[in-house]
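Novice: One file is attached below, protein00.txt, containing compact mmCIF, C-alpha atoms and all ligand atoms.
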# COMPACT_ATOMS: atom_id res chain seq x y z
CA MET A 20 0.66 2.94 -137.74
CA ALA A 21 3.79 4.99 -137.12
CA ILE A 22 5.58 5.49 -140.41
CA GLU A 23 9.19 4.41 -140.07
CA PRO A 24 11.79 6.91 -141.25
CA VAL A 25 13.22 5.95 -144.60
CA VAL A 26 16.66 4.71 -143.75
CA TYR A 27 19.52 4.19 -146.13
CA GLY A 28 23.28 4.36 -146.12
CA ALA A 29 25.83 1.62 -145.72
CA SER A 30 23.67 -1.42 -145.10
CA GLU A 31 25.07 -4.48 -143.37
CA ARG A 32 23.71 -7.02 -145.83
CA ALA A 33 25.13 -7.42 -149.30
CA PRO A 34 23.99 -4.68 -151.67
CA ARG A 35 20.73 -5.60 -153.32
CA GLY A 36 21.38 -4.68 -156.91
CA ASP A 37 22.93 -6.93 -159.52
CA TYR A 38 26.36 -5.30 -159.87
CA SER A 39 27.50 -7.88 -162.40
CA ARG A 40 25.76 -5.92 -165.18
CA ALA A 41 27.46 -2.64 -164.24
CA ALA A 42 30.21 -1.12 -166.39
CA ALA A 43 33.58 -0.08 -165.02
CA ASN A 44 32.07 3.28 -163.99
CA TYR A 45 29.26 1.35 -162.21
CA THR A 46 26.54 2.48 -164.62
CA CYS A 47 24.19 -0.10 -166.12
CA PRO A 48 21.30 -0.02 -168.61
CA GLN A 49 17.84 0.70 -167.13
CA ASN A 50 16.00 -2.49 -168.01
CA HIS A 51 12.56 -0.88 -168.18
CA ALA A 52 10.88 -4.04 -169.47
CA ALA A 53 11.96 -5.89 -166.32
CA TYR A 54 9.73 -3.81 -164.02
CA THR A 55 6.65 -5.74 -162.89
CA ALA A 56 3.13 -4.37 -162.54
CA ALA A 57 3.75 -4.41 -158.77
CA ASP A 58 6.88 -2.28 -159.29
CA HIS A 59 4.97 0.31 -161.28
CA ASP A 60 2.15 0.28 -158.74
CA THR A 61 4.61 0.80 -155.85
CA TYR A 62 6.09 3.79 -157.70
CA ARG A 63 2.60 5.23 -158.33
CA ARG A 64 1.54 4.83 -154.69
CA LEU A 65 4.78 6.30 -153.35
CA TYR A 66 4.55 9.28 -155.72
CA GLU A 67 0.91 9.83 -154.74
CA ARG A 68 1.62 9.68 -151.00
CA GLN A 69 4.72 11.83 -151.02
CA SER A 70 3.47 14.55 -153.40
CA ALA A 71 0.34 14.92 -151.22
CA LEU A 72 2.54 15.57 -148.15
CA LEU A 73 4.60 18.37 -149.71
CA PRO A 74 2.41 21.52 -149.97
CA GLY A 75 3.46 23.99 -147.25
CA LEU A 76 6.41 21.77 -146.26
CA ALA A 77 8.63 21.34 -149.33
CA SER A 78 10.45 24.32 -150.82
CA GLU A 79 8.64 26.01 -153.69
CA ALA A 80 11.72 25.33 -155.87
CA PHE A 81 11.19 21.60 -155.35
CA ILE A 82 7.42 21.71 -155.86
CA ALA A 83 7.88 23.75 -159.05
CA ALA A 84 10.48 21.28 -160.38
CA LEU A 85 8.64 18.05 -159.47
CA PRO A 86 6.44 17.98 -162.60
CA SER A 87 9.68 17.82 -164.63
CA LEU A 88 9.78 14.12 -163.72
CA GLY A 89 6.83 13.79 -166.09
CA ILE A 90 5.16 10.48 -165.37
CA LYS A 91 3.61 9.80 -161.93
CA ASP A 92 1.66 6.57 -162.42
CA HIS A 93 4.50 4.26 -163.42
CA ILE A 94 8.30 4.11 -163.38
CA PRO A 95 9.63 6.57 -165.98
CA ARG A 96 12.19 5.72 -168.66
CA PHE A 97 15.43 7.55 -167.82
CA GLU A 98 15.94 8.68 -171.41
CA GLU A 99 12.58 10.52 -171.29
CA ILE A 100 13.64 12.45 -168.20
CA ASN A 101 17.07 13.08 -169.74
CA GLU A 102 15.59 14.81 -172.78
CA ARG A 103 14.13 17.47 -170.47
CA LEU A 104 16.93 17.46 -167.89
CA TYR A 105 19.76 17.91 -170.39
CA ARG A 106 17.91 20.80 -172.02
CA ALA A 107 17.37 22.43 -168.62
CA THR A 108 20.78 22.15 -166.94
CA ARG A 109 22.96 19.84 -169.08
CA TRP A 110 22.63 17.07 -166.46
CA GLU A 111 21.64 13.51 -167.20
CA ILE A 112 20.63 10.62 -164.94
CA VAL A 113 22.38 7.27 -165.34
CA ALA A 114 21.19 3.93 -163.97
CA VAL A 115 23.26 2.17 -161.31
CA PRO A 116 22.55 -1.11 -159.44
CA GLY A 117 22.53 0.74 -156.10
CA LEU A 118 25.04 2.44 -153.81
CA ILE A 119 28.41 2.70 -155.53
CA PRO A 120 31.91 3.43 -154.17
CA GLU A 121 32.87 7.06 -153.56
CA VAL A 122 35.25 7.51 -156.50
CA PRO A 123 32.79 6.47 -159.23
CA PHE A 124 30.06 8.38 -157.38
CA PHE A 125 32.02 11.63 -157.26
CA THR A 126 33.29 11.12 -160.82
CA LEU A 127 29.72 10.82 -162.15
CA LEU A 128 28.63 13.98 -160.28
CA ALA A 129 31.69 15.89 -161.51
CA ASN A 130 30.59 14.97 -165.05
CA ARG A 131 26.99 16.14 -164.46
CA GLN A 132 25.72 12.56 -164.41
CA PHE A 133 23.49 11.66 -161.46
CA PRO A 134 23.43 7.96 -160.46
CA VAL A 135 19.87 6.67 -160.06
CA THR A 136 19.30 3.21 -158.58
CA ASP A 137 17.30 1.19 -161.08
CA TRP A 138 15.35 -1.17 -158.76
CA ILE A 139 12.34 -0.32 -156.59
CA ARG A 140 11.44 -1.48 -153.07
CA THR A 141 8.93 -4.30 -152.59
CA PRO A 142 5.36 -3.46 -151.54
CA GLU A 143 6.23 -4.77 -148.06
CA GLU A 144 8.99 -2.12 -147.82
CA PHE A 145 6.60 0.70 -148.74
CA ASP A 146 7.39 2.69 -145.58
CA TYR A 147 10.84 1.45 -144.70
CA ILE A 148 13.85 0.74 -146.88
CA VAL A 149 17.52 0.49 -145.98
CA GLU A 150 19.16 1.56 -149.24
CA PRO A 151 18.14 4.26 -151.70
CA ASP A 152 15.88 2.81 -154.38
CA ILE A 153 14.66 4.37 -157.65
CA PHE A 154 11.89 6.26 -155.87
CA HIS A 155 14.27 7.91 -153.40
CA ASP A 156 16.65 8.89 -156.19
CA LEU A 157 14.09 9.98 -158.79
CA PHE A 158 11.54 11.70 -156.54
CA GLY A 159 14.04 12.94 -153.94
CA HIS A 160 17.06 13.97 -155.97
CA VAL A 161 16.19 14.52 -159.63
CA PRO A 162 13.71 17.46 -159.51
CA LEU A 163 16.26 19.90 -158.05
CA LEU A 164 18.75 18.96 -160.78
CA PHE A 165 16.43 21.07 -162.95
CA ASN A 166 17.34 24.07 -160.75
CA PRO A 167 20.44 25.71 -162.32
CA VAL A 168 22.11 26.86 -159.08
CA PHE A 169 21.49 23.59 -157.24
CA ALA A 170 22.63 21.63 -160.32
CA ASP A 171 25.93 23.55 -160.34
CA TYR A 172 26.33 22.90 -156.59
CA ILE A 173 26.01 19.15 -157.10
CA GLN A 174 28.66 19.16 -159.82
CA ARG A 175 30.97 21.25 -157.63
CA TYR A 176 30.28 18.79 -154.78
CA GLY A 177 31.44 15.91 -157.02
CA GLN A 178 34.60 17.80 -157.98
CA GLY A 179 35.21 18.52 -154.29
CA GLY A 180 34.72 14.84 -153.48
CA LEU A 181 37.50 13.79 -155.85
CA LYS A 182 39.80 16.33 -154.15
CA ALA A 183 38.66 15.22 -150.68
CA MET A 184 39.70 11.65 -151.50
CA LYS A 185 43.29 12.86 -151.94
CA LEU A 186 43.20 15.07 -148.83
CA GLY A 187 41.63 12.59 -146.43
CA GLY A 188 38.52 14.77 -146.13
CA LEU A 189 36.03 12.18 -147.32
CA ASP A 190 34.20 11.64 -144.02
CA GLU A 191 33.88 15.39 -143.52
CA LEU A 192 32.61 16.03 -147.05
CA ALA A 193 30.13 13.13 -146.79
CA ARG A 194 28.55 15.02 -143.85
CA LEU A 195 27.99 18.04 -146.08
CA TYR A 196 26.13 15.86 -148.61
CA TRP A 197 24.11 14.25 -145.83
CA TYR A 198 23.08 17.53 -144.16
CA THR A 199 22.33 19.42 -147.38
CA VAL A 200 21.48 17.23 -150.40
CA GLU A 201 19.85 14.52 -148.25
CA PHE A 202 18.43 16.29 -145.17
CA GLY A 203 18.70 20.01 -145.91
CA LEU A 204 16.16 22.72 -145.01
CA ILE A 205 15.92 26.20 -146.51
CA ASN A 206 14.63 29.54 -145.21
CA THR A 207 11.90 31.01 -147.43
CA ALA A 208 9.52 33.98 -147.15
CA GLU A 209 6.83 31.51 -146.01
CA GLY A 210 9.11 29.94 -143.37
CA VAL A 211 11.53 27.03 -143.16
CA ARG A 212 10.95 24.49 -145.97
CA ILE A 213 12.45 21.16 -147.11
CA TYR A 214 14.81 20.57 -150.03
CA GLY A 215 16.70 17.44 -148.86
CA ALA A 216 15.97 14.26 -150.84
CA GLY A 217 16.11 11.93 -147.84
CA ILE A 218 13.27 13.88 -146.20
CA LEU A 219 11.22 14.47 -149.36
CA SER A 220 11.13 10.73 -150.12
CA SER A 221 10.29 9.76 -146.52
CA GLY A 222 6.74 9.13 -145.35
CA GLY A 223 7.30 10.35 -141.80
CA GLU A 224 10.20 12.77 -141.81
CA VAL A 225 8.47 15.35 -144.04
CA GLU A 226 6.13 16.19 -141.17
CA TYR A 227 8.57 15.52 -138.34
CA CYS A 228 11.44 17.74 -139.52
CA LEU A 229 9.33 20.92 -139.46
CA THR A 230 7.48 20.12 -136.23
CA PRO A 231 8.65 22.64 -133.59
CA GLY A 232 9.60 21.41 -130.14
CA THR A 233 10.91 17.96 -131.05
CA LYS A 234 14.33 16.83 -129.74
CA SER A 235 15.81 17.76 -133.15
CA ARG A 236 17.75 20.97 -133.70
CA HIS A 237 17.31 23.39 -136.59
CA ILE A 238 20.35 25.62 -136.98
CA ARG A 239 21.84 27.86 -139.64
CA LEU A 240 24.25 26.04 -141.96
CA ASP A 241 27.88 26.83 -141.25
CA ILE A 242 30.10 24.67 -143.46
CA GLU A 243 32.86 24.05 -140.88
CA ARG A 244 30.31 23.21 -138.18
CA CYS A 245 28.51 20.85 -140.60
CA LEU A 246 31.71 19.04 -141.56
CA ARG A 247 32.31 18.29 -137.84
CA THR A 248 28.81 16.95 -137.14
CA LEU A 249 28.18 13.20 -137.06
CA TYR A 250 24.89 11.89 -138.45
CA LYS A 251 22.56 8.95 -137.87
CA ILE A 252 21.41 6.71 -140.70
CA ASP A 253 18.72 4.80 -138.83
CA SER A 254 16.49 7.49 -137.31
CA TYR A 255 15.08 10.92 -138.00
CA GLN A 256 17.87 13.50 -138.01
CA GLU A 257 18.80 15.06 -134.66
CA THR A 258 20.13 18.16 -136.40
CA TYR A 259 18.78 19.89 -139.50
CA PHE A 260 20.95 22.58 -141.11
CA VAL A 261 19.05 25.51 -142.62
CA ILE A 262 20.37 27.50 -145.61
CA ASP A 263 19.15 30.84 -146.94
CA SER A 264 19.55 29.94 -150.63
CA PHE A 265 21.07 27.37 -152.99
CA GLN A 266 23.53 30.13 -153.91
CA GLN A 267 24.84 29.88 -150.33
CA LEU A 268 25.67 26.19 -150.97
CA PHE A 269 27.35 26.96 -154.28
CA ASP A 270 29.37 29.87 -152.86
CA GLY A 271 30.20 27.95 -149.67
CA THR A 272 31.85 25.19 -151.67
CA ALA A 273 33.86 27.53 -153.90
CA PRO A 274 36.95 27.85 -151.68
CA ASP A 275 39.64 25.17 -151.58
CA PHE A 276 38.76 22.97 -148.57
CA THR A 277 42.39 21.90 -147.98
CA PRO A 278 43.00 24.28 -145.04
CA LEU A 279 39.59 23.38 -143.62
CA TYR A 280 40.36 19.63 -143.67
CA GLU A 281 43.69 20.41 -141.99
CA LYS A 282 41.98 22.48 -139.26
CA LEU A 283 39.29 19.83 -138.70
CA LYS A 284 41.92 17.16 -138.06
CA HIS A 285 42.63 18.96 -134.77
CA MET A 286 39.00 19.46 -133.73
CA ASP A 287 36.64 16.96 -132.09
CA VAL A 288 33.69 15.71 -134.10
CA LEU A 289 30.33 16.79 -132.70
CA PRO A 290 27.54 14.34 -131.79
CA ALA A 291 24.47 14.59 -134.02
CA ASN A 292 22.43 16.23 -131.23
CA THR A 293 24.87 19.06 -130.40
CA LEU A 294 23.67 22.63 -129.88
CA LEU A 295 26.63 24.96 -129.34
CA PRO A 296 26.14 27.93 -126.96
CA SER A 297 26.35 30.41 -129.87
CA GLU A 298 23.68 28.59 -131.89
CA VAL A 299 20.03 29.61 -132.09
CA GLU A 300 17.21 27.07 -132.55
CA LEU A 301 15.34 28.27 -135.67
CA LEU A 302 12.16 26.28 -134.94
CA PRO A 303 11.56 26.95 -131.24
CA ALA A 304 8.85 25.04 -129.37
CA PRO A 305 5.54 26.96 -129.32
CA HIS A 306 5.16 28.66 -125.92
N1 LIG A 401 26.04 5.77 -154.44
N2 LIG A 401 24.33 5.29 -155.95
C1 LIG A 401 24.81 6.05 -154.94
N3 LIG A 401 24.06 7.04 -154.44
C2 LIG A 401 24.51 7.83 -153.42
O1 LIG A 401 23.82 8.76 -152.97
C3 LIG A 401 25.79 7.58 -152.89
C4 LIG A 401 26.54 6.54 -153.44
N4 LIG A 401 27.76 6.27 -152.93
C5 LIG A 401 28.37 7.04 -151.87
C6 LIG A 401 27.46 8.10 -151.35
N5 LIG A 401 26.27 8.34 -151.86
C7 LIG A 401 27.84 8.91 -150.13
O2 LIG A 401 28.93 8.34 -149.46
C8 LIG A 401 28.20 10.32 -150.53
O3 LIG A 401 28.20 11.11 -149.37
C9 LIG A 401 29.53 10.33 -151.13
FE FE A 402 20.11 10.09 -151.73
Would you kindly transcribe this structure into structure tokens?

Specialist:
Amino acid sequence: MAIEPVVYGASERAPRGDYSRAAANYTCPQNHAAYTAADHDTYRRLYERQSALLPGLASEAFIAALPSLGIKDHIPRFEEINERLYRATRWEIVAVPGLIPEVPFFTLLANRQFPVTDWIRTPEEFDYIVEPDIFHDLFGHVPLLFNPVFADYIQRYGQGGLKAMKLGGLDELARLYWYTVEFGLINTAEGVRIYGAGILSSGGEVEYCLTPGTKSRHIRLDIERCLRTLYKIDSYQETYFVIDSFQQLFDGTAPDFTPLYEKLKHMDVLPANTLLPSEVELLPAPH
């Protein structure tokens, strides 16, 4: 059976979580007692499937950080992860009922608080889910928050998001999150590897994104180029941006983006499957 790409992003139907129990900053308590045996079993099976896919495909930094999640056979308590996470990089995860508006999202990141959805997909949605659930957020996003450079990049991204709101650069900056934090690839001594959470938590895209010769492009990350590039939320990515290091992300987001947003206002956006003449495909089809 073809595994559907995990899809999430703005979903047409009403958000799934119960937002009535969220505070003004959209955080809510993680009601650990409310998880059913089926919920814990779904988490265990997802963790088992995804972690088995990663050797040779996920970046070593991710694989080395994954055990920091601790528990694999049932849904962890956030406070247990936070004890280790805060010691490692002064980050903490906070429960949210699901996708939250940009301002609270950026504000949490700027305060080194990562929002983690507190519900899990149903067994029927094992391979396909529209919105990020607790498995996508915990397995996909949280391990690299234990990596000091990446953790600082995420905070700087949140700070940049709050500025982007004022400068009308939100759509552009959202593309940077999508093509790095969610679907980013990284060059390593062993070859191109995965660090993006949307890929790492997907049953099918882990394999697909590093398969040479598909219709997808693999090009070096250039921030301006990335901010111009549209993305798809309901299929495997048509472009994957490749970085050389997490330091490159941190340094690339140091400058004030105001002039860049201004410049981009006068440039066309690029379709997700663009390959500009100057760009080199980093995963060419085998001859
Ligand atoms: N909310 N809970 C949650 N998780 C996300 O990843 C998230 C969000 N709201 C907005 C958002 N991501 C994207 O628009 C970012 O690019 C800003
Ligand atoms: Fe995500």

Novice: Grab me every residue within 12 Å of ligand FE 402 (chain A), counting only C-alpha atoms and all ligand atoms, and send it over as a PyMOL selection string.

Specialist: chain A and resi 25-29+117-119+124+133-136+149-161+193+196-203+214-221+252

Novice: With C-alpha atoms kept, could you save the residues just selected as a PDB file, keeping the file's coordinate frame?

Specialist:
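Generated output (result-v6.pdb):
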ATOM      1  CA  VAL A  25      13.220   5.950-144.600  1.00  0.00           C
ATOM      2  CA  VAL A  26      16.660   4.710-143.750  1.00  0.00           C
ATOM      3  CA  TYR A  27      19.520   4.190-146.130  1.00  0.00           C
ATOM      4  CA  GLY A  28      23.280   4.360-146.120  1.00  0.00           C
ATOM      5  CA  ALA A  29      25.830   1.620-145.720  1.00  0.00           C
ATOM      6  CA  GLY A 117      22.530   0.740-156.100  1.00  0.00           C
ATOM      7  CA  LEU A 118      25.040   2.440-153.810  1.00  0.00           C
ATOM      8  CA  ILE A 119      28.410   2.700-155.530  1.00  0.00           C
ATOM      9  CA  PHE A 124      30.060   8.380-157.380  1.00  0.00           C
ATOM     10  CA  PHE A 133      23.490  11.660-161.460  1.00  0.00           C
ATOM     11  CA  PRO A 134      23.430   7.960-160.460  1.00  0.00           C
ATOM     12  CA  VAL A 135      19.870   6.670-160.060  1.00  0.00           C
ATOM     13  CA  THR A 136      19.300   3.210-158.580  1.00  0.00           C
ATOM     14  CA  VAL A 149      17.520   0.490-145.980  1.00  0.00           C
ATOM     15  CA  GLU A 150      19.160   1.560-149.240  1.00  0.00           C
ATOM     16  CA  PRO A 151      18.140   4.260-151.700  1.00  0.00           C
ATOM     17  CA  ASP A 152      15.880   2.810-154.380  1.00  0.00           C
ATOM     18  CA  ILE A 153      14.660   4.370-157.650  1.00  0.00           C
ATOM     19  CA  PHE A 154      11.890   6.260-155.870  1.00  0.00           C
ATOM     20  CA  HIS A 155      14.270   7.910-153.400  1.00  0.00           C
ATOM     21  CA  ASP A 156      16.650   8.890-156.190  1.00  0.00           C
ATOM     22  CA  LEU A 157      14.090   9.980-158.790  1.00  0.00           C
ATOM     23  CA  PHE A 158      11.540  11.700-156.540  1.00  0.00           C
ATOM     24  CA  GLY A 159      14.040  12.940-153.940  1.00  0.00           C
ATOM     25  CA  HIS A 160      17.060  13.970-155.970  1.00  0.00           C
ATOM     26  CA  VAL A 161      16.190  14.520-159.630  1.00  0.00           C
ATOM     27  CA  ALA A 193      30.130  13.130-146.790  1.00  0.00           C
ATOM     28  CA  TYR A 196      26.130  15.860-148.610  1.00  0.00           C
ATOM     29  CA  TRP A 197      24.110  14.250-145.830  1.00  0.00           C
ATOM     30  CA  TYR A 198      23.080  17.530-144.160  1.00  0.00           C
ATOM     31  CA  THR A 199      22.330  19.420-147.380  1.00  0.00           C
ATOM     32  CA  VAL A 200      21.480  17.230-150.400  1.00  0.00           C
ATOM     33  CA  GLU A 201      19.850  14.520-148.250  1.00  0.00           C
ATOM     34  CA  PHE A 202      18.430  16.290-145.170  1.00  0.00           C
ATOM     35  CA  GLY A 203      18.700  20.010-145.910  1.00  0.00           C
ATOM     36  CA  TYR A 214      14.810  20.570-150.030  1.00  0.00           C
ATOM     37  CA  GLY A 215      16.700  17.440-148.860  1.00  0.00           C
ATOM     38  CA  ALA A 216      15.970  14.260-150.840  1.00  0.00           C
ATOM     39  CA  GLY A 217      16.110  11.930-147.840  1.00  0.00           C
ATOM     40  CA  ILE A 218      13.270  13.880-146.200  1.00  0.00           C
ATOM     41  CA  LEU A 219      11.220  14.470-149.360  1.00  0.00           C
ATOM     42  CA  SER A 220      11.130  10.730-150.120  1.00  0.00           C
ATOM     43  CA  SER A 221      10.290   9.760-146.520  1.00  0.00           C
ATOM     44  CA  ILE A 252      21.410   6.710-140.700  1.00  0.00           C
TER      45      ILE A 252
END

Novice: Quick one, how far is atom CA of Glu281 of chain A from atom CA of Gly188 of chain A?

Specialist: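 Rounded to one decimal, the two atoms are 8.7 Å apart.
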
Novice: Please tell me which residues are no farther than 6 Å from (18.7, -4.8, -157.4) in the file, counting all atoms listed in the file, and write them as a list in words.

Specialist: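 Output: Arg35, Gly36, Asp37, Pro116 and Trp138 of chain A.
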
Novice: Which residue is closest to Asn206 of chain A? Choose from A:His237, A:Ala71, A:Trp110, A:Tyr176 and count all atoms listed in the file.

Specialist: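 Going through A:His237, A:Ala71, A:Trp110, A:Tyr176 one by one, the smallest distance to Asn206 of chain A is for A:His237.
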
Novice: Around (22.4, 24.3, -138.4) in the file's frame, which residues reach within 6 Å when counting only C-alpha atoms? Return as a ChimeraX atom specification?

Specialist: /A:237-240,259-261

Novice: Can you work out which one of A:Ile148, A:Val115, A:Ile262, A:Ala291 has the shortest atom-to-atom distance to Arg194 of chain A, counting all atoms listed in the file?

Specialist: A:Ala291

Novice: For Leu279 of chain A, which residue out of A:Asp92, A:Glu121, A:Glu191, A:Asp137 is the nearest one, using all atoms listed in the file?

Specialist: A:Glu191

Novice: Restricting the calculation to only C-alpha atoms and all ligand atoms, which member of A:Leu65, A:Ile173, A:Ile242, A:Leu283 is positioned closest to ligand LIG 401 (chain A)?

Specialist: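 Going through A:Leu65, A:Ile173, A:Ile242, A:Leu283 one by one, the smallest distance to ligand LIG 401 (chain A) is for A:Ile173.
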